[in-house]
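One structure below.
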Amino acid sequence: MATENTPAFNKVLYAPLAEIDPVVKNIIDKETWRQFSGIELIASENLTSLAVMEANGSVLTNKYSEGLPGARYYGGNEYIDELEVLCRKRALQAFNLDPEKWGVNVQPYSGSHFSFAVLTALIQPQDRLMGLGLPDGGHLTHGYYTAKKKMTASSIYFQSLPYGLDPSTQLIDYVGLRKQAKTFKPRLIICGASAYPRDWDYKTLRAICDSEGAYLMADIAHTSGLVAAQQLNSPFDYCDVVTTTTHKTLRGARGGLIFFRKDGANYEDLEKRVNDAVFPACQGGPHNNTIAAVATALLQVSQPEYKEYARQVIANARTLGSALLEYGYRLQTGGTDNHLVLWDLRPLGLTGSKVEKVCDLLGITINKNAVSGDASAQTPGGIRLGTSALTSRDMKEEDIKVVASFLHRAVQLSILLQKEAGTKMLKDFVRVATTETEGKVGAKMVKELRQEVVGFARKWPLPGVDVTRLQRPAGIEEDF
Ligand SMILES: *Cc1c(COP(=O)(O)O)cnc(C)c1O
């Protein structure tokens, strides 16, 4: 608290956000209301815990600690050292790793940062790397480029070549990958994806890397929670480096981890290379509030209950997949082994953008996504749906069936709206979806379905928030 002697210029340091900055407070309140009122199906998102948010919003944000525990560039780091050592220990525990064989750097700010740090650590500028192509479910940072543009640092500073899916099965084409690697001779192969509903064959990838002399990195940003809960194959058995974000299935604060091997002659200096690449090569002072929040999240991941959560995420994704198949829709690979499904909308004559738009109007949050064989990357033919967040709101199989029925109606409504729009243009589509017109029923149906969706969503708790005390904030209009 401020004292009597606190000068006026310091009084602001003690006042709550609502008092100091009602504008930002209102934005946070509106976002809280949106998360409470909607069905969150974005596969890369999750809802973290109250404890994680507390750690993330702490005084740890005040501290500079460039360097590593015991070797900092600033004083006063005794507790920050304790924190970072604890976070590392918990990261290894969460993934059942032997500290003799694996080490971890917990400082990456996020996913894109760890990607560039790993490239810096493992290979030289302009060396060759391979990653799953973006249209096939890979991530931007795995070497993506287009005919016109090198899109990320991974293709700007390195020579990259994408591998892809077998069009007949939509599974990773390991045979094609092997052939490509034979001629391309990559120094690094990256596996892991942002939109791939099946598990990976790390053993085959290791064999390919060994025969071409390449490193193998698994970027398990999406699935790391399921890997930690031992519900998916472990990349640690075969990879040199494993990276993950901490805020997707892992359900922590927004951050990143780089795991590196320590055992054996090949790995003698890998620890130093990775650590030097994170700082000073690619980053500055670590975000200690994030590291604390990640440490707390990793503690949660190590509890037996978390395994149950991970199992439920997968059971829910499978239920969602089966329900959509029963309605007669097409899914990429015909189903899922993890937390997400990829819904191919092309047989319906719809694009991902239109369904994303309609879902937004309904309070269902999803994202448009490329599906295998899309003619153009600009108009993705599908959508990606994940169950991590809904599972964090306590939903189980029967509830997911209700969600599937909403999605079914949303897609049927999209077909109707496209008819009523009379053109294939997104702006005409949006107009008929949002303005009630004589002789057209689409906009009214959007409104009615939204009311049902919101009513359903508000029956569920929201982690870290006392929803019984939530009130509709200023700036949000509701006519129901
Ligand atoms: C989400 C994701 C990242 C990037 O994470 P950001 O935190 O958004 O930078 C990296 N790799 C993969 C595979 C991802 O899915």
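By convention in this document, the chains of the structure tokens carry letters A, B, ... by their order, each chain's residues are numbered from 1, and ligands are numbered from 1 in the order they are shown.
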Near Gly138 in chain A, within 10 Å and counting only C-alpha atoms, which residues show up once chain neighbours fewer than 2 positions away are dropped, as a PyMOL selection string?
-> chain A and resi 131-136+140-144+162-164+190-196+219
As a ChimeraX atom specification, please: all residues of range 196-409 of chain A that backbone DSSP puts in strand (DSSP E or B).
-> /A:215-219,241-245,256-261,330-331,340-344,364-365,367-369,382-386
Compile the contact shell of Lys101 in chain A as a PyMOL selection string: residues with an atom at most 8 Å away, counting only C-alpha atoms, same-chain residues fewer than 2 positions apart removed.
-> chain A and resi 97-99+103+261-263
For Val241 in chain A, list every protein, DNA or RNA residue within 10 Å, evaluated using only C-alpha atoms, and leave out those in the same chain fewer than 6 positions away; present the list as a PyMOL selection string.
-> chain A and resi 102-104+118+122+190+215-219+235+258-261+270+274
Grab the residues selected above and save them as a compact mmCIF listing (two decimals), in the first residue's frame with N, CA and C atoms.
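File written: again16.txt
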# COMPACT_ATOMS: atom_id res chain seq x y z
N TRP A 102 18.91 -36.15 -20.66
CA TRP A 102 18.26 -35.00 -21.29
C TRP A 102 18.43 -33.75 -20.44
N GLY A 103 18.58 -32.64 -21.11
CA GLY A 103 18.55 -31.35 -20.44
C GLY A 103 17.46 -30.51 -21.09
N VAL A 104 17.18 -29.36 -20.48
CA VAL A 104 16.11 -28.51 -21.03
C VAL A 104 16.44 -27.03 -20.80
N VAL A 118 16.85 -23.29 -32.06
CA VAL A 118 17.32 -24.64 -32.37
C VAL A 118 18.07 -24.65 -33.69
N LEU A 122 21.87 -25.97 -34.06
CA LEU A 122 22.17 -27.24 -34.72
C LEU A 122 22.87 -27.09 -36.07
N ILE A 190 12.77 -31.73 -39.41
CA ILE A 190 11.86 -31.34 -38.34
C ILE A 190 10.56 -32.12 -38.50
N TYR A 215 20.22 -34.23 -38.26
CA TYR A 215 19.62 -34.18 -36.93
C TYR A 215 18.12 -34.39 -37.06
N LEU A 216 17.53 -34.89 -35.98
CA LEU A 216 16.07 -35.02 -35.94
C LEU A 216 15.52 -34.18 -34.78
N MET A 217 14.65 -33.24 -35.14
CA MET A 217 13.99 -32.41 -34.14
C MET A 217 12.49 -32.66 -34.20
N ALA A 218 11.88 -32.88 -33.04
CA ALA A 218 10.42 -32.98 -32.98
C ALA A 218 9.90 -31.71 -32.31
N ASP A 219 9.02 -31.02 -33.01
CA ASP A 219 8.36 -29.84 -32.43
C ASP A 219 6.94 -30.28 -32.06
N PRO A 235 8.59 -38.88 -28.66
CA PRO A 235 9.66 -38.49 -29.59
C PRO A 235 11.03 -38.58 -28.92
N ILE A 258 12.95 -26.09 -24.81
CA ILE A 258 13.81 -26.86 -25.73
C ILE A 258 14.48 -27.98 -24.93
N PHE A 259 14.17 -29.22 -25.26
CA PHE A 259 14.84 -30.37 -24.65
C PHE A 259 15.96 -30.82 -25.58
N PHE A 260 17.13 -31.11 -25.01
CA PHE A 260 18.27 -31.57 -25.83
C PHE A 260 18.90 -32.79 -25.17
N ARG A 261 19.46 -33.66 -26.00
CA ARG A 261 20.11 -34.88 -25.49
C ARG A 261 21.45 -34.52 -24.88
N LEU A 270 26.11 -30.19 -27.12
CA LEU A 270 24.78 -29.76 -27.53
C LEU A 270 24.13 -28.84 -26.48
N VAL A 274 22.77 -25.18 -27.45
CA VAL A 274 21.37 -24.77 -27.29
C VAL A 274 21.27 -23.56 -26.36
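Nearest to Cys282 in chain A of all the residues A:Thr336, A:Ser155, A:Ser115, A:Thr319 is A:Ser115, counting only C-alpha atoms.
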Rank A:Ala221, A:Ala315, A:Leu417, A:Ile364 by their smallest atom-to-atom distance to ligand 1, using only C-alpha atoms and all ligand atoms, and report the top residue only.
-> A:Ala221
Got a sec: who's within 7 Å of range 78-91 of chain A, counting only C-alpha atoms, leaving out chain neighbours fewer than 2 positions off, as a PyMOL selection string?
-> chain A and resi 69-70+76+93-95+104+106+291-292+295+298-299
Export of the given selection (C-alpha atoms) as a PDB file, in the first residue's frame:
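So the final result, stored in selection-v1.pdb, reads:
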ATOM      1  CA  PRO A  69      21.246 -20.244 -13.012  1.00  0.00           C
ATOM      2  CA  GLY A  70      24.570 -19.645 -11.252  1.00  0.00           C
ATOM      3  CA  GLY A  76      19.937 -10.437  -6.988  1.00  0.00           C
ATOM      4  CA  GLN A  93       9.784 -34.927 -14.641  1.00  0.00           C
ATOM      5  CA  ALA A  94       6.669 -34.047 -16.607  1.00  0.00           C
ATOM      6  CA  PHE A  95       8.061 -35.881 -19.626  1.00  0.00           C
ATOM      7  CA  VAL A 104      16.111 -28.507 -21.032  1.00  0.00           C
ATOM      8  CA  VAL A 106      13.065 -23.118 -20.226  1.00  0.00           C
ATOM      9  CA  ILE A 291       8.976 -19.333 -16.174  1.00  0.00           C
ATOM     10  CA  ALA A 292       7.186 -19.396 -12.809  1.00  0.00           C
ATOM     11  CA  ALA A 295       6.843 -24.358 -13.574  1.00  0.00           C
ATOM     12  CA  LEU A 298       4.411 -28.531 -15.270  1.00  0.00           C
ATOM     13  CA  LEU A 299       3.681 -29.467 -11.665  1.00  0.00           C
TER      14      LEU A 299
END
Pick out each residue of range 3-152 of chain A that DSSP on the backbone tags as helix (DSSP H, G or I); I need them as a PyMOL selection string.
-> chain A and resi 8-14+17-20+22-37+50-56+59-62+78-94+111-122+134-136+140-142
Using only C-alpha atoms and all ligand atoms, the best pick from A:Arg311, A:Arg254, A:Lys203, A:Lys424 as closest to ligand 1 would be A:Arg254
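Our summary of the geometry notes that CA of Asn289 in chain A is positioned 15.5 Å from CA of Asn105 in chain A.
Among the candidate residues A:Leu416, A:Leu226, A:Ala43, A:Val453, the one lying nearest to ligand 1 is A:Ala43, with distances computed using only C-alpha atoms and all ligand atoms.
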For Val52 in chain A: contacts at 10 Å, only C-alpha atoms, fewer than 4 positions along chain excluded, given as a ChimeraX atom specification | /A:48,56-57,251-253,289-290,292-298,300,464
Go ahead and save the picked residues with C-alpha atoms, as a tab-separated table (two decimals), in the first residue's frame.
chain	number	residue	atom	x	y	z
A	48	THR	CA	-4.92	-22.29	-18.13
A	56	ASN	CA	2.22	-15.10	-14.53
A	57	GLY	CA	0.95	-11.85	-13.07
A	251	ARG	CA	-2.27	-26.01	-20.55
A	252	GLY	CA	0.29	-23.59	-19.13
A	253	ALA	CA	1.24	-19.97	-19.74
A	289	ASN	CA	6.98	-14.51	-14.52
A	290	THR	CA	6.38	-16.86	-17.45
A	292	ALA	CA	7.19	-19.40	-12.81
A	293	ALA	CA	3.84	-19.95	-14.52
A	294	VAL	CA	5.32	-22.71	-16.67
A	295	ALA	CA	6.84	-24.36	-13.57
A	296	THR	CA	3.40	-24.39	-11.94
A	297	ALA	CA	1.78	-25.77	-15.09
A	298	LEU	CA	4.41	-28.53	-15.27
A	300	GLN	CA	0.04	-29.88	-12.68
A	464	GLY	CA	-9.60	-19.01	-13.16
